[in-house]
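Enquirer: One file: my_file36.cif (mmCIF, C-alpha atoms and all ligand atoms).
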data_target
loop_
_atom_site.group_PDB
_atom_site.id
_atom_site.type_symbol
_atom_site.label_atom_id
_atom_site.label_comp_id
_atom_site.auth_asym_id
_atom_site.auth_seq_id
_atom_site.Cartn_x
_atom_site.Cartn_y
_atom_site.Cartn_z
ATOM 1 C CA MET A 1 0.000 0.000 0.000
ATOM 2 C CA ARG A 2 2.952 2.312 0.566
ATOM 3 C CA GLN A 3 3.715 1.876 -3.127
ATOM 4 C CA MET A 4 0.173 2.800 -4.119
ATOM 5 C CA ILE A 5 0.311 6.227 -2.461
ATOM 6 C CA ARG A 6 3.969 6.962 -3.191
ATOM 7 C CA PRO A 7 3.345 8.848 -6.463
ATOM 8 C CA TRP A 8 0.455 10.901 -5.084
ATOM 9 C CA ARG A 9 1.249 14.615 -5.236
ATOM 10 C CA HIS A 10 -2.273 16.001 -5.023
ATOM 11 C CA VAL A 11 -5.430 14.620 -3.472
ATOM 12 C CA PHE A 12 -8.859 16.054 -2.809
ATOM 13 C CA LYS A 13 -10.554 15.314 0.510
ATOM 14 C CA LEU A 14 -14.330 15.086 0.335
ATOM 15 C CA ASP A 15 -16.449 15.254 3.448
ATOM 16 C CA PRO A 16 -19.491 12.938 3.526
ATOM 17 C CA ASP A 17 -21.181 15.438 5.843
ATOM 18 C CA ARG A 18 -21.137 18.209 3.213
ATOM 19 C CA VAL A 19 -23.149 18.708 0.048
ATOM 20 C CA LEU A 20 -21.458 18.686 -3.368
ATOM 21 C CA GLY A 21 -23.427 18.810 -6.636
ATOM 22 C CA ASP A 22 -22.970 16.229 -9.398
ATOM 23 C CA LYS A 23 -21.316 18.716 -11.734
ATOM 24 C CA GLU A 24 -18.787 19.775 -9.106
ATOM 25 C CA LEU A 25 -18.099 16.175 -8.116
ATOM 26 C CA ALA A 26 -17.466 15.250 -11.749
ATOM 27 C CA ALA A 27 -15.048 18.161 -12.121
ATOM 28 C CA VAL A 28 -13.162 17.181 -8.976
ATOM 29 C CA CYS A 29 -12.907 13.517 -9.952
ATOM 30 C CA GLN A 30 -11.864 14.301 -13.536
ATOM 31 C CA SER A 31 -9.421 17.050 -12.551
ATOM 32 C CA GLY A 32 -6.298 14.923 -12.798
ATOM 33 C CA THR A 33 -5.911 14.670 -9.025
ATOM 34 C CA ASP A 34 -4.247 11.463 -7.892
ATOM 35 C CA ALA A 35 -6.961 10.229 -5.526
ATOM 36 C CA ILE A 36 -9.978 11.121 -3.440
ATOM 37 C CA ILE A 37 -9.856 10.779 0.322
ATOM 38 C CA VAL A 38 -13.269 10.508 1.936
ATOM 39 C CA GLY A 39 -13.187 11.821 5.472
ATOM 40 C CA GLY A 40 -14.180 14.395 8.030
ATOM 41 C CA SER A 41 -13.897 14.776 11.757
ATOM 42 C CA THR A 42 -17.598 15.162 12.586
ATOM 43 C CA GLY A 43 -20.966 14.103 11.170
ATOM 44 C CA VAL A 44 -19.576 11.164 9.204
ATOM 45 C CA THR A 45 -22.062 8.262 9.147
ATOM 46 C CA TYR A 46 -22.300 4.887 7.444
ATOM 47 C CA GLU A 47 -25.086 6.194 5.198
ATOM 48 C CA ASN A 48 -23.438 9.411 4.035
ATOM 49 C CA THR A 49 -20.152 7.545 3.455
ATOM 50 C CA VAL A 50 -21.795 4.810 1.334
ATOM 51 C CA SER A 51 -23.622 7.429 -0.654
ATOM 52 C CA LEU A 52 -20.483 9.454 -1.398
ATOM 53 C CA LEU A 53 -18.483 6.322 -2.300
ATOM 54 C CA ALA A 54 -21.161 5.257 -4.787
ATOM 55 C CA ARG A 55 -21.049 8.662 -6.465
ATOM 56 C CA ILE A 56 -17.230 8.698 -6.677
ATOM 57 C CA ARG A 57 -17.134 5.163 -8.112
ATOM 58 C CA LYS A 58 -18.482 6.466 -11.414
ATOM 59 C CA TYR A 59 -14.995 7.865 -11.993
ATOM 60 C CA ASP A 60 -11.746 6.069 -12.545
ATOM 61 C CA LEU A 61 -9.451 7.115 -9.707
ATOM 62 C CA PRO A 62 -8.453 5.653 -6.341
ATOM 63 C CA CYS A 63 -10.858 6.290 -3.499
ATOM 64 C CA VAL A 64 -9.660 6.048 0.095
ATOM 65 C CA LEU A 65 -11.559 6.116 3.365
ATOM 66 C CA GLU A 66 -9.908 7.974 6.218
ATOM 67 C CA ILE A 67 -11.594 6.414 9.203
ATOM 68 C CA SER A 68 -12.673 8.848 11.904
ATOM 69 C CA ASP A 69 -15.674 6.997 13.300
ATOM 70 C CA LEU A 70 -16.129 3.272 13.775
ATOM 71 C CA GLU A 71 -19.777 3.483 12.797
ATOM 72 C CA ALA A 72 -18.731 4.689 9.350
ATOM 73 C CA ALA A 73 -16.307 1.886 8.415
ATOM 74 C CA VAL A 74 -17.696 1.069 4.975
ATOM 75 C CA PRO A 75 -16.368 -1.792 2.812
ATOM 76 C CA GLY A 76 -15.461 -1.247 -0.838
ATOM 77 C CA PHE A 77 -12.749 1.434 -0.670
ATOM 78 C CA ASP A 78 -9.371 0.928 -2.357
ATOM 79 C CA LEU A 79 -7.510 1.774 0.819
ATOM 80 C CA TYR A 80 -8.177 2.683 4.468
ATOM 81 C CA MET A 81 -6.154 5.399 6.121
ATOM 82 C CA ILE A 82 -6.067 5.193 9.900
ATOM 83 C CA PRO A 83 -5.221 8.414 11.751
ATOM 84 C CA MET A 84 -3.335 8.451 15.041
ATOM 85 C CA VAL A 85 -3.187 11.949 16.540
ATOM 86 C CA LEU A 86 0.296 12.183 18.013
ATOM 87 C CA ASN A 87 0.058 15.571 19.756
ATOM 88 C CA THR A 88 -2.724 14.824 22.192
ATOM 89 C CA ASP A 89 -2.686 13.602 25.775
ATOM 90 C CA ASP A 90 -5.930 11.754 25.130
ATOM 91 C CA THR A 91 -4.658 8.322 24.188
ATOM 92 C CA SER A 92 -8.044 7.283 22.835
ATOM 93 C CA TRP A 93 -7.073 9.138 19.618
ATOM 94 C CA ILE A 94 -3.772 7.257 19.418
ATOM 95 C CA LEU A 95 -4.769 3.753 20.500
ATOM 96 C CA GLY A 96 -8.177 3.621 22.178
ATOM 97 C CA HIS A 97 -10.511 3.835 19.185
ATOM 98 C CA HIS A 98 -8.134 1.599 17.317
ATOM 99 C CA ARG A 99 -8.273 -1.085 19.998
ATOM 100 C CA ARG A 100 -12.052 -0.954 19.989
ATOM 101 C CA ALA A 101 -12.111 -1.194 16.185
ATOM 102 C CA ILE A 102 -9.935 -4.298 16.234
ATOM 103 C CA GLU A 103 -12.053 -5.896 18.963
ATOM 104 C CA ARG A 104 -15.188 -5.142 16.982
ATOM 105 C CA PHE A 105 -14.150 -5.976 13.414
ATOM 106 C CA GLY A 106 -11.538 -8.682 14.119
ATOM 107 C CA SER A 107 -11.041 -10.917 11.108
ATOM 108 C CA LEU A 108 -13.094 -8.596 8.888
ATOM 109 C CA ILE A 109 -10.279 -6.055 8.876
ATOM 110 C CA PRO A 110 -8.574 -5.968 5.473
ATOM 111 C CA TRP A 111 -5.097 -5.408 6.962
ATOM 112 C CA GLU A 112 -3.401 -5.375 3.568
ATOM 113 C CA LEU A 113 -5.475 -2.284 2.699
ATOM 114 C CA LEU A 114 -4.602 -0.268 5.827
ATOM 115 C CA LEU A 115 -2.119 2.590 6.148
ATOM 116 C CA THR A 116 -1.462 4.394 9.409
ATOM 117 C CA GLU A 117 -1.091 8.177 9.461
ATOM 118 C CA GLY A 118 0.794 9.991 12.209
ATOM 119 C CA TYR A 119 -1.321 13.142 12.506
ATOM 120 C CA ILE A 120 0.126 16.364 13.885
ATOM 121 C CA VAL A 121 -2.857 18.687 14.369
ATOM 122 C CA LEU A 122 -1.877 22.349 14.398
ATOM 123 C CA ASN A 123 -4.955 24.561 13.994
ATOM 124 C CA SER A 124 -6.483 24.992 17.453
ATOM 125 C CA ASP A 125 -9.614 26.403 15.843
ATOM 126 C CA SER A 126 -10.492 23.258 13.879
ATOM 127 C CA SER A 127 -13.065 20.580 14.649
ATOM 128 C CA VAL A 128 -10.368 17.935 14.668
ATOM 129 C CA ALA A 129 -8.296 19.849 17.248
ATOM 130 C CA ARG A 130 -11.310 20.337 19.505
ATOM 131 C CA LEU A 131 -12.409 16.731 19.112
ATOM 132 C CA THR A 132 -9.027 15.242 19.935
ATOM 133 C CA GLY A 133 -7.744 17.819 22.443
ATOM 134 C CA ALA A 134 -4.622 18.329 20.345
ATOM 135 C CA ASP A 135 -1.837 20.555 21.660
ATOM 136 C CA CYS A 136 -1.614 23.050 18.812
ATOM 137 C CA SER A 137 0.842 25.345 20.584
ATOM 138 C CA LEU A 138 3.822 23.448 19.177
ATOM 139 C CA ASP A 139 6.718 25.366 17.688
ATOM 140 C CA ALA A 140 8.808 24.054 14.790
ATOM 141 C CA ALA A 141 11.030 21.982 17.096
ATOM 142 C CA GLY A 142 8.017 20.413 18.815
ATOM 143 C CA ALA A 143 6.299 19.551 15.548
ATOM 144 C CA GLY A 144 9.600 18.207 14.230
ATOM 145 C CA ALA A 145 9.961 16.006 17.290
ATOM 146 C CA TYR A 146 6.515 14.469 16.766
ATOM 147 C CA ALA A 147 7.350 13.976 13.098
ATOM 148 C CA GLN A 148 10.482 12.048 14.078
ATOM 149 C CA ILE A 149 8.472 9.885 16.456
ATOM 150 C CA ALA A 150 6.246 8.955 13.509
ATOM 151 C CA ASP A 151 9.078 8.604 11.007
ATOM 152 C CA LYS A 152 11.831 7.032 13.055
ATOM 153 C CA LEU A 153 10.371 5.483 16.213
ATOM 154 C CA MET A 154 7.040 4.278 14.868
ATOM 155 C CA ASN A 155 8.049 3.800 11.244
ATOM 156 C CA LEU A 156 4.648 5.066 10.077
ATOM 157 C CA PRO A 157 4.038 5.240 6.324
ATOM 158 C CA VAL A 158 2.497 8.714 6.552
ATOM 159 C CA VAL A 159 3.176 11.875 8.562
ATOM 160 C CA TYR A 160 0.182 14.197 8.167
ATOM 161 C CA LEU A 161 0.606 17.886 8.986
ATOM 162 C CA GLU A 162 -2.994 18.891 9.603
ATOM 163 C CA TYR A 163 -3.969 22.560 9.599
ATOM 164 C CA SER A 164 -7.582 21.829 8.602
ATOM 165 C CA GLY A 165 -9.293 25.164 7.854
ATOM 166 C CA ARG A 166 -6.185 27.363 8.156
ATOM 167 C CA TYR A 167 -3.095 27.784 6.011
ATOM 168 C CA GLY A 168 -0.053 26.460 7.790
ATOM 169 C CA ASP A 169 3.102 28.012 9.166
ATOM 170 C CA LEU A 170 5.712 27.308 6.486
ATOM 171 C CA GLU A 171 8.538 27.484 9.005
ATOM 172 C CA ILE A 172 6.992 24.507 10.783
ATOM 173 C CA VAL A 173 6.356 22.699 7.499
ATOM 174 C CA ARG A 174 9.999 23.266 6.510
ATOM 175 C CA GLU A 175 11.294 21.943 9.846
ATOM 176 C CA VAL A 176 9.163 18.826 9.527
ATOM 177 C CA ARG A 177 10.317 18.342 5.922
ATOM 178 C CA GLU A 178 13.915 18.423 7.064
ATOM 179 C CA VAL A 179 13.508 15.635 9.603
ATOM 180 C CA VAL A 180 11.129 13.248 7.841
ATOM 181 C CA GLU A 181 13.191 10.703 5.919
ATOM 182 C CA HIS A 182 11.021 7.645 5.306
ATOM 183 C CA SER A 183 7.380 8.514 5.855
ATOM 184 C CA GLN A 184 5.377 10.177 3.112
ATOM 185 C CA LEU A 185 4.724 13.756 4.200
ATOM 186 C CA PHE A 186 1.128 14.881 3.702
ATOM 187 C CA TYR A 187 0.117 18.496 4.178
ATOM 188 C CA GLY A 188 -3.521 19.619 4.494
ATOM 189 C CA GLY A 189 -5.131 22.840 5.592
ATOM 190 C CA GLY A 190 -6.400 26.148 4.330
ATOM 191 C CA ILE A 191 -5.309 25.901 0.716
ATOM 192 C CA THR A 192 -7.563 28.301 -1.164
ATOM 193 C CA GLY A 193 -5.766 28.547 -4.496
ATOM 194 C CA ALA A 194 -2.831 27.692 -6.725
ATOM 195 C CA GLU A 195 -0.194 29.846 -5.058
ATOM 196 C CA GLU A 196 -0.668 28.401 -1.583
ATOM 197 C CA ALA A 197 -0.729 24.920 -3.056
ATOM 198 C CA MET A 198 2.605 25.516 -4.796
ATOM 199 C CA HIS A 199 4.350 26.669 -1.607
ATOM 200 C CA VAL A 200 3.480 23.508 0.265
ATOM 201 C CA ALA A 201 3.970 21.295 -2.795
ATOM 202 C CA ALA A 202 7.621 22.352 -2.832
ATOM 203 C CA LEU A 203 8.039 21.103 0.726
ATOM 204 C CA CYS A 204 5.719 18.115 1.009
ATOM 205 C CA ASP A 205 5.154 14.858 -0.818
ATOM 206 C CA THR A 206 1.376 15.040 -0.978
ATOM 207 C CA VAL A 207 -0.903 18.080 -0.844
ATOM 208 C CA VAL A 208 -4.475 17.657 0.415
ATOM 209 C CA VAL A 209 -7.174 20.125 -0.617
ATOM 210 C CA GLY A 210 -10.512 20.036 1.202
ATOM 211 C CA ASN A 211 -12.800 22.878 2.248
ATOM 212 C CA ILE A 212 -12.224 25.141 -0.769
ATOM 213 C CA ILE A 213 -13.979 22.542 -2.945
ATOM 214 C CA TYR A 214 -17.216 23.520 -1.248
ATOM 215 C CA SER A 215 -16.829 27.288 -1.432
ATOM 216 C CA ASN A 216 -14.937 27.838 -4.706
ATOM 217 C CA VAL A 217 -14.559 24.751 -6.816
ATOM 218 C CA GLU A 218 -12.841 26.615 -9.674
ATOM 219 C CA GLU A 219 -10.005 27.670 -7.370
ATOM 220 C CA ALA A 220 -9.847 24.148 -5.957
ATOM 221 C CA LEU A 221 -9.399 22.719 -9.453
ATOM 222 C CA LEU A 222 -6.512 25.084 -10.188
ATOM 223 C CA THR A 223 -4.527 23.540 -7.349
ATOM 224 C CA VAL A 224 -4.143 20.258 -9.255
ATOM 225 C CA GLN A 225 -1.949 21.613 -12.041
ATOM 226 C CA ALA A 226 -0.197 23.977 -9.649
ATOM 227 C CA VAL A 227 0.963 21.039 -7.538
ATOM 228 C CA ARG A 228 1.896 18.995 -10.604
ATOM 229 C CA ASP A 229 4.029 21.853 -11.946
ATOM 230 C CA THR A 230 5.901 22.338 -8.662
ATOM 231 C CA PRO A 231 9.065 20.327 -8.165
ATOM 232 C CA GLN A 232 9.869 19.259 -4.636
ATOM 233 C CA ILE A 233 12.853 20.924 -3.054
ATOM 234 C CA ASP A 234 15.666 18.391 -2.825
ATOM 235 C CA TRP A 235 16.565 17.910 0.849
HETATM 236 C C1 LIG A 301 -15.975 -3.631 6.900
HETATM 237 C C2 LIG A 301 -14.744 -2.928 7.102
HETATM 238 C C3 LIG A 301 -14.125 -2.159 6.010
HETATM 239 C C4 LIG A 301 -14.231 -3.025 8.302
HETATM 240 C C5 LIG A 301 -12.937 -2.687 8.681
HETATM 241 C C6 LIG A 301 -12.832 -1.337 9.248
HETATM 242 C C7 LIG A 301 -11.434 -1.024 9.382
HETATM 243 C C8 LIG A 301 -10.662 -0.783 8.135
HETATM 244 C C9 LIG A 301 -10.908 -0.980 10.608
HETATM 245 C C10 LIG A 301 -9.529 -0.658 10.833
HETATM 246 C C11 LIG A 301 -9.184 -0.787 12.254
HETATM 247 C C12 LIG A 301 -8.863 0.518 12.912
HETATM 248 C C13 LIG A 301 -7.599 0.537 13.645
HETATM 249 C C14 LIG A 301 -9.720 1.584 12.840
HETATM 250 C C15 LIG A 301 -9.536 2.898 13.512
HETATM 251 C C16 LIG A 301 -10.808 3.388 14.112
HETATM 252 C C17 LIG A 301 -10.842 4.826 14.558
HETATM 253 C C18 LIG A 301 -12.178 5.423 14.702
HETATM 254 C C19 LIG A 301 -9.710 5.526 14.849
HETATM 255 C C20 LIG A 301 -9.689 6.948 15.303
HETATM 256 C C21 LIG A 301 -9.154 7.860 14.261
HETATM 257 C C22 LIG A 301 -8.979 9.305 14.746
HETATM 258 C C23 LIG A 301 -7.744 9.632 15.462
HETATM 259 C C24 LIG A 301 -9.924 10.236 14.515
HETATM 260 C C25 LIG A 301 -9.859 11.635 14.964
HETATM 261 C C26 LIG A 301 -10.302 12.639 13.925
HETATM 262 C C27 LIG A 301 -9.427 12.650 12.705
HETATM 263 C C28 LIG A 301 -7.959 12.709 12.832
HETATM 264 C C29 LIG A 301 -10.032 12.594 11.527
HETATM 265 C C30 LIG A 301 -9.304 12.562 10.225
HETATM 266 C C31 LIG A 301 -9.997 13.380 9.204
HETATM 267 C C32 LIG A 301 -9.892 14.859 9.391
HETATM 268 C C33 LIG A 301 -8.854 15.451 10.202
HETATM 269 C C34 LIG A 301 -10.765 15.611 8.808
HETATM 270 C C35 LIG A 301 -10.764 17.091 8.912
HETATM 271 O O1 LIG A 301 -11.827 17.415 9.540
HETATM 272 P P1 LIG A 301 -12.890 18.432 8.969
HETATM 273 O O2 LIG A 301 -14.209 17.879 9.344
HETATM 274 O O3 LIG A 301 -12.649 18.739 7.534
HETATM 275 O O4 LIG A 301 -12.546 19.686 9.826
HETATM 276 P P2 LIG A 301 -13.208 21.071 9.679
HETATM 277 O O5 LIG A 301 -14.645 20.859 10.028
HETATM 278 O O6 LIG A 301 -12.467 21.934 10.656
HETATM 279 O O7 LIG A 301 -13.028 21.498 8.246
HETATM 280 O O1 LIG A 302 -10.143 21.415 4.352
HETATM 281 P P1 LIG A 302 -8.769 22.001 4.277
HETATM 282 O O2 LIG A 302 -8.564 23.187 5.149
HETATM 283 O O3 LIG A 302 -8.353 22.213 2.862
HETATM 284 O O4 LIG A 302 -7.799 20.862 4.864
HETATM 285 C C1 LIG A 302 -7.642 19.667 4.159
HETATM 286 C C2 LIG A 302 -7.493 18.488 5.064
HETATM 287 O O5 LIG A 302 -6.223 18.423 5.622
HETATM 288 C C3 LIG A 302 -8.523 18.373 6.122
HETATM 289 O O6 LIG A 302 -8.328 17.174 6.801
HETATM 290 MG MG MG A 303 -13.261 20.015 6.385
#
In structure tokens, what does this structure look like?

Expert:
Amino acid sequence: MRQMIRPWRHVFKLDPDRVLGDKELAAVCQSGTDAIIVGGSTGVTYENTVSLLARIRKYDLPCVLEISDLEAAVPGFDLYMIPMVLNTDDTSWILGHHRRAIERFGSLIPWELLLTEGYIVLNSDSSVARLTGADCSLDAAGAGAYAQIADKLMNLPVVYLEYSGRYGDLEIVREVREVVEHSQLFYGGGITGAEEAMHVAALCDTVVVGNIIYSNVEEALLTVQAVRDTPQIDW
């Protein structure tokens, strides 16, 4: 599964709890993005996840479920991304929900389709930060330390810098880039157009674009080519 995501430079994240018209969904899925991640931190249900998956399946691109709620673990995705929020004292978001999921689903879990993401949540004003009690006061050194835990101690396939709803601090992104050697570095948060996308594309392996799809789909679409045209800085 690491190989499957390795070439991904740009992905769109669609939230089952939000409304997107058929025309907009078609444009997003046919934009040339590398994959669709289905996920959100609140209001995700089995029903709205099934419904969104069925709509995305009309298009020929990988579709991944980022599991945030056990009740919404829907079969039929190409891949399952499992977040662990590293910068919280509430261990239920690192291990607790995961333990319960394994107890509940047992042999039904398609382990070969799972990828773990070491989340570092950095926007204190986001639903995901409130939900998980993340410590968003980290400076570059603190974020870099968590990134090394994911990359070097836990050997996680993905480090996810999550600024959901707000554009990130590029000094922190740069510090994390410098220390992550093996994990694939995902960045998501507050990208509202091509220029912002290019700045993070230079530093990160994979750029995630979410909310702007719902408020300005034209701008969201421009981020695809912008990321494609941006070479990564060689570290
Ligand atoms: C039948 C079938 C497929 C069964 C198997 C199911 C399966 C694959 C099980 C795997 C086992 C396992 C270990 C599951 C984990 C279960 C689980 C619930 C873990 C907790 C994950 C977690 C830490 C969630 C916290 C929230 C989070 C990090 C969500 C990620 C998505 C995200 C950050 C969205 C952004 O939120 P958004 O809503 O956009 O925010 P704004 O509103 O601010 O924009
Ligand atoms: O919605 P935005 O702010 O683009 O963030 C994308 C993604 O990282 C959210 O999990
Ligand atoms: Mg969102």

Enquirer: List as a short mmCIF file (atom, residue, chain, number, x, y, z; two decimals) with C-alpha atoms, in the coordinates of the input the protein and nucleic acid residues near stretch 175-187 of chain A, meaning an atom at most 7 Å away when all atoms listed in the file are counted, but skip any in the same chain fewer than 4 places from it.

Expert:
data_model
loop_
_atom_site.label_atom_id
_atom_site.label_comp_id
_atom_site.auth_asym_id
_atom_site.auth_seq_id
_atom_site.Cartn_x
_atom_site.Cartn_y
_atom_site.Cartn_z
CA ALA A 140 8.81 24.05 14.79
CA ALA A 143 6.30 19.55 15.55
CA GLY A 144 9.60 18.21 14.23
CA ALA A 147 7.35 13.98 13.10
CA GLN A 148 10.48 12.05 14.08
CA ASP A 151 9.08 8.60 11.01
CA LEU A 156 4.65 5.07 10.08
CA PRO A 157 4.04 5.24 6.32
CA VAL A 158 2.50 8.71 6.55
CA VAL A 159 3.18 11.88 8.56
CA TYR A 160 0.18 14.20 8.17
CA LEU A 161 0.61 17.89 8.99
CA GLU A 162 -2.99 18.89 9.60
CA GLU A 171 8.54 27.48 9.01
CA LEU A 203 8.04 21.10 0.73
CA CYS A 204 5.72 18.11 1.01
CA ASP A 205 5.15 14.86 -0.82
CA THR A 206 1.38 15.04 -0.98
CA VAL A 207 -0.90 18.08 -0.84
CA VAL A 208 -4.47 17.66 0.42
CA TRP A 235 16.57 17.91 0.85
#

Enquirer: Given the file shown, enumerate the residues that the PyMOL selection byres (((chain A and resi 60-68) around 6) and not hetatm) captures and present them as a count of residues only.

Expert: 13

Enquirer: Taking the file as I've supplied it (selection: the PyMOL selection byres (((chain A and resi 17) around 10) and not hetatm)), which residues are included? Please answer as a count of residues only.

Expert: 16

Enquirer: Calculate, to one decimal in Å, the centre and edge lengths of the box along x, y and z of the file that holds all listed atoms of stretch 177-188 of chain A with 6 Å of margin on each side, and present them as AutoDock Vina command-line options.

Expert:
--center_x 5.2 --center_y 13.6 --center_z 6.4 --size_x 29.4 --size_y 24.0 --size_z 18.5

Enquirer: Convert the output of the PyMOL selection byres (((chain A and resi 86-99) around 6) and not hetatm) on the shown file into explicit residues, formatted as a ChimeraX atom specification.

Expert: /A:84-85,100-102,119-120,133-135

Enquirer: Write the selection just made, keeping C-alpha atoms, as a CSV table (one decimal), in the frame of the given file?

Expert:
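Contents of again-v5.csv, freshly written:
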chain,number,residue,atom,x,y,z
A,84,MET,CA,-3.3,8.5,15.0
A,85,VAL,CA,-3.2,11.9,16.5
A,100,ARG,CA,-12.1,-1.0,20.0
A,101,ALA,CA,-12.1,-1.2,16.2
A,102,ILE,CA,-9.9,-4.3,16.2
A,119,TYR,CA,-1.3,13.1,12.5
A,120,ILE,CA,0.1,16.4,13.9
A,133,GLY,CA,-7.7,17.8,22.4
A,134,ALA,CA,-4.6,18.3,20.3
A,135,ASP,CA,-1.8,20.6,21.7

Enquirer: With only C-alpha atoms and all ligand atoms as the atoms that count, which of A:Lys152, A:His10, A:Arg57, A:Arg166 lies nearest to ligand LIG 302 (chain A)?

Expert: A:Arg166

Enquirer: May I have a table of the residues of stretch 24-116 of chain A lying at most 9 Å from stretch 209-218 of chain A, giving each one's closest pair of atoms and their distance in Å to one decimal, counting only C-alpha atoms, ordered by chain and ascending residue number, as a Markdown table?

Expert:
| residue | atom | partner | partner_atom | distance |
| --- | --- | --- | --- | --- |
| A:Glu24 | CA | A:Val217 | CA | 6.9 |
| A:Ala27 | CA | A:Val217 | CA | 8.5 |
| A:Val28 | CA | A:Val217 | CA | 8.0 |
